[in-house]
Amino acid sequence: MSLGSAAAAMGWDESKLSRIENAKARLRPQDVQPLLKVYGVEAVEVVEPLEGLAKDAGKQGWWQPYGDVVANGYKDYLTLESDAEWAVRESLSRSVVARWCEVWAESAGPSCGVCWGWRGE
């Protein structure tokens, strides 16, 4: 599906969806389910955890006040670790975590050592 088609289905400008896809804007929790439906994903076991991630997207991690002394690459690692901890705490199924990692790895590419390593690649 093209960016234009997905944006039109959501009633958005292409620029809005592009900013979301490129992590320049957050996806609001109430937009997760409708957007996933546009992409053909309606399984509750996928939708609900991703809604939870969207709710927590603006949450500050314990390390963020120390941003001046934590290296940028390490901040990314801490963020991923925090999200992984949340996933375990919420007892997400391995398939949902794997799908989240696939989505993350597709956007981050091989630079995302945590997800690529977790998936055994």
# chains A, B, ... in the order shown; residues from 1 in each chain; ligands from 1
>>> residues_around(residues="segment 57-72 of chain A", least_positions_apart="2", cutoff="10 Å", atoms="only C-alpha atoms", output="list in words")
Arg26, Leu27, Arg28, Pro29, Glu51, Gly52, Leu53, Ala54, Lys55, Tyr74, Lys75, Asp76, Tyr77, Leu78, Thr79, Ser82 and Asp83 of chain A
>>> residues_around(residues="segment 12-21 of chain A", least_positions_apart="6", cutoff="9 Å", atoms="only C-alpha atoms", output="list in words")
Leu3, Gly4, Ser5, Ala6, Leu27 and Ser107 of chain A
>>> write_last_selection(atoms="C-alpha atoms", output="short mmCIF file (atom, residue, chain, number, x, y, z; two decimals), in the first residue's frame")
data_model
loop_
_atom_site.label_atom_id
_atom_site.label_comp_id
_atom_site.auth_asym_id
_atom_site.auth_seq_id
_atom_site.Cartn_x
_atom_site.Cartn_y
_atom_site.Cartn_z
CA LEU A 3 1.82 6.22 1.63
CA GLY A 4 -0.82 8.26 -0.19
CA SER A 5 -3.38 5.44 -0.07
CA ALA A 6 -2.86 4.81 3.63
CA LEU A 27 1.09 8.07 16.61
CA SER A 107 12.69 1.01 10.19
#
>>> closest_residue(among="A:Ala9, A:Glu81, A:Ser2, A:Leu50", to="Val38 of chain A", atoms="only C-alpha atoms")
A:Ala9
>>> atom_distance(atom1="atom CA of Pro34 of chain A", atom2="atom CA of Ala8 of chain A")
12.3 Å
